[in-house]
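Comments concern the structure below.
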Amino acid sequence: MKNILFDLQENQLSNAVNHSVLYDAFNPSLVSDFLECIDQKITHLLQDKSKHGVHLIQPSNLMNIVKQLTTKDFEHKTPLERFNSIIDLHIRTGIRVNSTGYMARQFSSVVPVAAMYDMVASICPQPASFYECGPLPNVADKIMAEEFSHFLGWEQQDFDMISTSGASLANLTAVTAARNLKFPDILRQGTLVQGSEKPAIAIGADSHFSVSRLAGILGIGQDNIVILPINKKRQICIRKAQQALQQAKAKGLRVFCIIGSAGTTSVGAIDPLKELADLAHQYDAWFHVDAAHSGAFLVSDQLRSKVKDLSYADSFCLDAHKTLFVPAACTLLFYKNAAHSNLSFPSHASYVSETDEISRFESGTKNFECTKRPSILNLWVAWTLYGRTLFEEKLNYLVEITAQAYNYIQSLNDFEVLHAPESNILCFRYVPKGVPDQQLNQLQLKIWNVLRTGGRHFISKVDLDDVTALRIVIMNHEITINDVIDLIINIRKTSNKIIKL
Ligand SMILES: *Cc1c(COP(=O)(O)O)cnc(C)c1O
């Protein structure tokens, strides 16, 4: 007996020696070397003021580079040396959101301290769904809700706000609540035909794809989406929307949710929210607004009037990881009626307590995710350190510089601007003399593609009905009108090369 015990201990000892990799990986003094490495590289990255666009590497080439890093070639190097190379590769292939050459998408240059807090929350986790494990994010949800209540004129006790990982998930969560409210039997019985009425949703013709996807997920069926036509400014046209809803009703569709946008992805258009709310009321439908992009305007005294009618919505979401400049994904989902936030996922797990004060703070019952990153803390920390002013100043500047870009590009003979900007998104085309109309779409596409390999500018491309356009989204407050002028010059040069080919 004694011998067996002794053998076991011997075994455990030798395991401990074999596991030196394990102990090294968790060794605090070795870990601090890694922190120092990140410190240097991040500081350098933030100090780098040169122009970086995107330098798209072919996936197969990148695969080779990554394979080398992953396998034998690196066996003779220490983990720290390999980490160094990996961080370098990450920065080389990542979006240079802090560069003035980056104007492509809605990813922001993030408030650095918010990203640092994100790392702390990874090492000392506070998973957000359950108060017991994540007290701080659950309290931060309430604190941020209170801060936003002032902008909406909503009373604190009446409404609710939860945070989700992205607007796609927020849209799904809100429309699920709407469906469960208007068709309570579907949740349990799963049948989608309630008598003669088929559940349907109505969305703008320029809605984000996450909104049309949810019809498939919720079993509504993509064919039962009622498309609300848009006007020249690419907002939902109320008159045509009325017609579309009448036709849908005549076909036996019961539109239980109307979804508007505040800041469409393509051009940043904001739908007539008050009129849509009235229309929803008329049809006994829930009114949800996908305000992923422009909902953040609420925090700015200068911009708030554009989105003030969000207060008429039954629910709306905004992406803090886009226009409140915190690491992804952090989305705020607001419900005007606090009781509605419990409707999306009403069957509580047995280990969730329901009675005490803690349950009021428990966000897990209102959220699809179980383990959930506490991203709200990234917003809360930046808000706490710098106040609303930080966000307001940055947003005001981005919108202002986009207006300047609009004025400038509109003054050029060889460019055409497609809309007056409502936000920090602007779509335009290069239309040089001598290129026939029917070749202009192709030209924009080629310019965009060549810019993607050039490494100086990163912009995006968008198709607005039959028109292909170039699109800039100004997310970096260090961009000035001179950077826009520099882009225009690069577009001309690029186009000249293309036309010569
Ligand atoms: C970005 C965006 C979404 C998707 O949001 P995620 O946070 O990326 O899931 C939805 N709607 C609009 C209008 C957007 O701009």
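Residues are referred to by chain and number: the chain letter is A, B, ... according to the order shown in the structure tokens, the number counts from 1 in that chain, and ligands are numbered separately from 1 in the order shown.
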Shell around Leu470 of chain A at 7 Å using only C-alpha atoms, local window under 3 positions removed, as JSON, numbers by chain: {"A": [427, 428, 429, 444, 460, 461, 462]}
All alpha helix (DSSP H) residues (DSSP, backbone) inside segment 146-380 of chain A, as a ChimeraX atom specification: /A:146-152,167-182,184-189,209-217,238-250,273-282,320-323,357-361,376-380
Selection: 8 Å around segment 194-206 of chain A, only C-alpha atoms, excl. self and same-chain fewer than 2 positions, as a PyMOL selection string: chain A and resi 191-192+208+211-212+215+220+224-230+234-236+245+252-261+264+266
Write out as a Markdown table the residues of segment 96-164 of chain A that have any atom within 9 Å of an atom of segment 45-60 of chain A, one row each with the nearest atom pair and its distance in Å to one decimal, counting only C-alpha atoms, sorted by chain and then rising number.
```
| residue | atom | partner | partner_atom | distance |
| --- | --- | --- | --- | --- |
| A:Arg96 | CA | A:His52 | CA | 6.3 |
| A:Val97 | CA | A:His52 | CA | 8.9 |
| A:Asn98 | CA | A:Leu46 | CA | 6.8 |
| A:Ser99 | CA | A:Lys51 | CA | 5.6 |
| A:Thr100 | CA | A:Lys51 | CA | 5.7 |
| A:Gly101 | CA | A:Lys51 | CA | 4.9 |
| A:Tyr102 | CA | A:Gly53 | CA | 5.4 |
| A:Met103 | CA | A:Gly53 | CA | 8.3 |
| A:Ala104 | CA | A:Gly53 | CA | 8.8 |
```
Could the residues in this selection be saved with N, CA, C and O atoms as a PDB file, in the first residue's frame?
```pdb
ATOM      1  N   ARG A  96      -5.653  49.665 -40.164  1.00  0.00           N
ATOM      2  CA  ARG A  96      -4.914  50.740 -39.491  1.00  0.00           C
ATOM      3  C   ARG A  96      -5.876  51.888 -39.173  1.00  0.00           C
ATOM      4  O   ARG A  96      -5.837  52.945 -39.813  1.00  0.00           O
ATOM      5  N   VAL A  97      -6.695  51.650 -38.174  1.00  0.00           N
ATOM      6  CA  VAL A  97      -7.756  52.605 -37.850  1.00  0.00           C
ATOM      7  C   VAL A  97      -7.227  53.957 -37.367  1.00  0.00           C
ATOM      8  O   VAL A  97      -7.953  54.948 -37.355  1.00  0.00           O
ATOM      9  N   ASN A  98      -5.972  53.992 -36.949  1.00  0.00           N
ATOM     10  CA  ASN A  98      -5.394  55.251 -36.477  1.00  0.00           C
ATOM     11  C   ASN A  98      -4.679  56.026 -37.565  1.00  0.00           C
ATOM     12  O   ASN A  98      -4.104  57.074 -37.318  1.00  0.00           O
ATOM     13  N   SER A  99      -4.713  55.494 -38.793  1.00  0.00           N
ATOM     14  CA  SER A  99      -4.024  56.167 -39.883  1.00  0.00           C
ATOM     15  C   SER A  99      -4.990  57.066 -40.647  1.00  0.00           C
ATOM     16  O   SER A  99      -6.197  56.801 -40.716  1.00  0.00           O
ATOM     17  N   THR A 100      -4.446  58.110 -41.255  1.00  0.00           N
ATOM     18  CA  THR A 100      -5.289  59.021 -42.027  1.00  0.00           C
ATOM     19  C   THR A 100      -5.579  58.468 -43.430  1.00  0.00           C
ATOM     20  O   THR A 100      -6.295  59.096 -44.201  1.00  0.00           O
ATOM     21  N   GLY A 101      -5.035  57.301 -43.733  1.00  0.00           N
ATOM     22  CA  GLY A 101      -5.344  56.671 -45.015  1.00  0.00           C
ATOM     23  C   GLY A 101      -6.561  55.753 -44.918  1.00  0.00           C
ATOM     24  O   GLY A 101      -7.069  55.259 -45.916  1.00  0.00           O
ATOM     25  N   TYR A 102      -7.025  55.531 -43.696  1.00  0.00           N
ATOM     26  CA  TYR A 102      -8.139  54.603 -43.473  1.00  0.00           C
ATOM     27  C   TYR A 102      -9.477  55.335 -43.453  1.00  0.00           C
ATOM     28  O   TYR A 102      -9.730  56.148 -42.561  1.00  0.00           O
ATOM     29  N   MET A 103     -10.303  55.076 -44.469  1.00  0.00           N
ATOM     30  CA  MET A 103     -11.637  55.697 -44.513  1.00  0.00           C
ATOM     31  C   MET A 103     -12.656  54.669 -45.002  1.00  0.00           C
ATOM     32  O   MET A 103     -13.643  55.024 -45.652  1.00  0.00           O
ATOM     33  N   ALA A 104     -12.401  53.401 -44.702  1.00  0.00           N
ATOM     34  CA  ALA A 104     -13.166  52.377 -45.403  1.00  0.00           C
ATOM     35  C   ALA A 104     -14.491  52.008 -44.772  1.00  0.00           C
ATOM     36  O   ALA A 104     -15.500  51.896 -45.445  1.00  0.00           O
TER      37      ALA A 104
END
```
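With only C-alpha atoms and all ligand atoms as the atoms that count, the set of residues no farther than 8 Å from ligand 1 is Gln106, Ser165, Gly166, Ala167, Ser168, Leu169, Ala170, Asn171, Ser207, His208, Phe209, Ser210, Val211, Ser261, Ala262, Gly263, Thr264, Thr265, Asp290, Ala291, Ala292, His293, Asp319, His321, Lys322, Ala328, Ala329, Cys330 and Thr331 of chain A.
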Residues just named, written with N, CA, C and O atoms as a tab-separated table (two decimals), in the first residue's frame:
```
chain	number	residue	atom	x	y	z
A	106	GLN	N	-16.94	51.13	-40.87
A	106	GLN	CA	-17.42	51.71	-39.62
A	106	GLN	C	-16.59	51.29	-38.41
A	106	GLN	O	-16.96	51.58	-37.28
A	165	SER	N	-23.71	41.58	-27.98
A	165	SER	CA	-22.48	41.52	-28.76
A	165	SER	C	-22.80	41.79	-30.23
A	165	SER	O	-22.87	40.87	-31.04
A	166	GLY	N	-23.04	43.03	-30.55
A	166	GLY	CA	-23.28	43.40	-31.94
A	166	GLY	C	-24.73	43.76	-32.20
A	166	GLY	O	-25.65	43.30	-31.51
A	167	ALA	N	-24.92	44.60	-33.23
A	167	ALA	CA	-26.27	45.05	-33.59
A	167	ALA	C	-27.05	43.93	-34.27
A	167	ALA	O	-28.28	43.88	-34.19
A	168	SER	N	-26.35	43.02	-34.96
A	168	SER	CA	-27.06	41.90	-35.60
A	168	SER	C	-27.82	41.13	-34.53
A	168	SER	O	-29.00	40.80	-34.69
A	169	LEU	N	-27.14	40.86	-33.42
A	169	LEU	CA	-27.76	40.12	-32.32
A	169	LEU	C	-28.82	40.97	-31.62
A	169	LEU	O	-29.86	40.45	-31.19
A	170	ALA	N	-28.58	42.27	-31.52
A	170	ALA	CA	-29.56	43.16	-30.88
A	170	ALA	C	-30.85	43.21	-31.70
A	170	ALA	O	-31.95	43.13	-31.15
A	171	ASN	N	-30.71	43.31	-33.04
A	171	ASN	CA	-31.90	43.33	-33.90
A	171	ASN	C	-32.69	42.04	-33.73
A	171	ASN	O	-33.92	42.06	-33.60
A	207	SER	N	-32.25	48.36	-45.72
A	207	SER	CA	-31.90	47.84	-44.39
A	207	SER	C	-30.61	47.05	-44.43
A	207	SER	O	-30.23	46.50	-45.47
A	208	HIS	N	-29.99	46.93	-43.27
A	208	HIS	CA	-28.80	46.09	-43.13
A	208	HIS	C	-29.19	44.62	-43.29
A	208	HIS	O	-30.30	44.23	-42.91
A	209	PHE	N	-28.27	43.80	-43.79
A	209	PHE	CA	-28.64	42.40	-44.07
A	209	PHE	C	-29.02	41.63	-42.80
A	209	PHE	O	-29.73	40.64	-42.85
A	210	SER	N	-28.54	42.08	-41.65
A	210	SER	CA	-28.88	41.35	-40.41
A	210	SER	C	-30.38	41.39	-40.16
A	210	SER	O	-30.94	40.50	-39.53
A	211	VAL	N	-31.04	42.42	-40.68
A	211	VAL	CA	-32.47	42.58	-40.47
A	211	VAL	C	-33.26	41.60	-41.35
A	211	VAL	O	-34.24	41.00	-40.92
A	261	SER	N	-34.39	52.47	-39.91
A	261	SER	CA	-32.95	52.63	-39.72
A	261	SER	C	-32.63	54.06	-39.34
A	261	SER	O	-33.25	55.00	-39.85
A	262	ALA	N	-31.67	54.22	-38.47
A	262	ALA	CA	-31.13	55.56	-38.20
A	262	ALA	C	-29.64	55.46	-38.49
A	262	ALA	O	-28.85	55.04	-37.66
A	263	GLY	N	-29.31	55.81	-39.75
A	263	GLY	CA	-27.94	55.64	-40.22
A	263	GLY	C	-27.81	54.34	-40.99
A	263	GLY	O	-27.35	53.34	-40.45
A	264	THR	N	-28.27	54.35	-42.25
A	264	THR	CA	-28.12	53.14	-43.05
A	264	THR	C	-26.64	52.92	-43.35
A	264	THR	O	-25.86	53.87	-43.40
A	265	THR	N	-26.28	51.65	-43.55
A	265	THR	CA	-24.88	51.32	-43.77
A	265	THR	C	-24.36	51.94	-45.06
A	265	THR	O	-23.22	52.40	-45.12
A	290	ASP	N	-33.08	50.11	-36.16
A	290	ASP	CA	-31.68	49.73	-36.22
A	290	ASP	C	-30.88	51.04	-36.33
A	290	ASP	O	-30.73	51.61	-37.40
A	291	ALA	N	-30.43	51.52	-35.15
A	291	ALA	CA	-29.67	52.77	-35.11
A	291	ALA	C	-28.20	52.46	-34.83
A	291	ALA	O	-27.51	53.24	-34.18
A	292	ALA	N	-27.77	51.30	-35.34
A	292	ALA	CA	-26.40	50.84	-35.09
A	292	ALA	C	-25.40	51.95	-35.37
A	292	ALA	O	-24.51	52.22	-34.56
A	293	HIS	N	-25.58	52.64	-36.48
A	293	HIS	CA	-24.57	53.64	-36.84
A	293	HIS	C	-24.81	55.00	-36.17
A	293	HIS	O	-23.90	55.55	-35.55
A	319	ASP	N	-24.57	50.80	-31.93
A	319	ASP	CA	-23.28	50.12	-31.81
A	319	ASP	C	-22.24	51.04	-31.18
A	319	ASP	O	-21.73	51.95	-31.83
A	321	HIS	N	-19.37	50.05	-30.48
A	321	HIS	CA	-18.07	49.72	-31.09
A	321	HIS	C	-17.90	50.39	-32.46
A	321	HIS	O	-16.84	50.29	-33.06
A	322	LYS	N	-18.93	51.05	-32.94
A	322	LYS	CA	-18.75	51.86	-34.15
A	322	LYS	C	-18.60	53.32	-33.72
A	322	LYS	O	-17.50	53.82	-33.65
A	328	ALA	N	-14.87	46.17	-30.22
A	328	ALA	CA	-16.03	45.35	-30.61
A	328	ALA	C	-16.07	44.10	-29.74
A	328	ALA	O	-15.03	43.61	-29.32
A	329	ALA	N	-17.26	43.55	-29.53
A	329	ALA	CA	-18.54	44.11	-29.95
A	329	ALA	C	-19.26	44.64	-28.72
A	329	ALA	O	-19.33	43.94	-27.71
A	330	CYS	N	-19.79	45.86	-28.81
A	330	CYS	CA	-20.52	46.44	-27.69
A	330	CYS	C	-21.71	47.21	-28.23
A	330	CYS	O	-21.55	48.25	-28.85
A	331	THR	N	-22.89	46.64	-28.06
A	331	THR	CA	-24.11	47.24	-28.59
A	331	THR	C	-25.09	47.50	-27.45
A	331	THR	O	-25.22	46.66	-26.55
```
Spatial neighbours of Glu155 of chain A, max dist 10 Å, only C-alpha atoms, sep filter under 4 positions, as an MDAnalysis selection string: chainID A and resid 146 149:150 159:160 336
For segment 388-393 of chain A: contacts at 10 Å, only C-alpha atoms, fewer than 2 positions along chain excluded, given as a PyMOL selection string: chain A and resi 111+147+296-303+323-325+382-386+395-398+477
12 Å contact set for Met119 of chain A, only C-alpha atoms, chain neighbours under 4 positions out, as an MDAnalysis selection string: chainID A and resid 35 38 112:115 123:126 327 373:375 377:378
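With atom CA of Val381 of chain A on one side and atom CA of Lys41 of chain A on the other, the separation reads 23.0 Å.
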Minimum-distance residue to Leu152 of chain A, chosen among A:Ser305, A:Ser344, A:Thr480, A:Asn27 (using only C-alpha atoms):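 Using only C-alpha atoms, Leu152 of chain A sits closest to A:Ser305.
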Expected answer as a list in words: strand (DSSP E) residues in segment 154-186 of chain A: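 The strand (DSSP E) subset of segment 154-186 of chain A is Asp160, Met161, Ile162, Ser163 and Thr164 of chain A.
The spacing separating atom CA of Gly295 of chain A from atom CA of Ala313 of chain A amounts to 12.0 Å.
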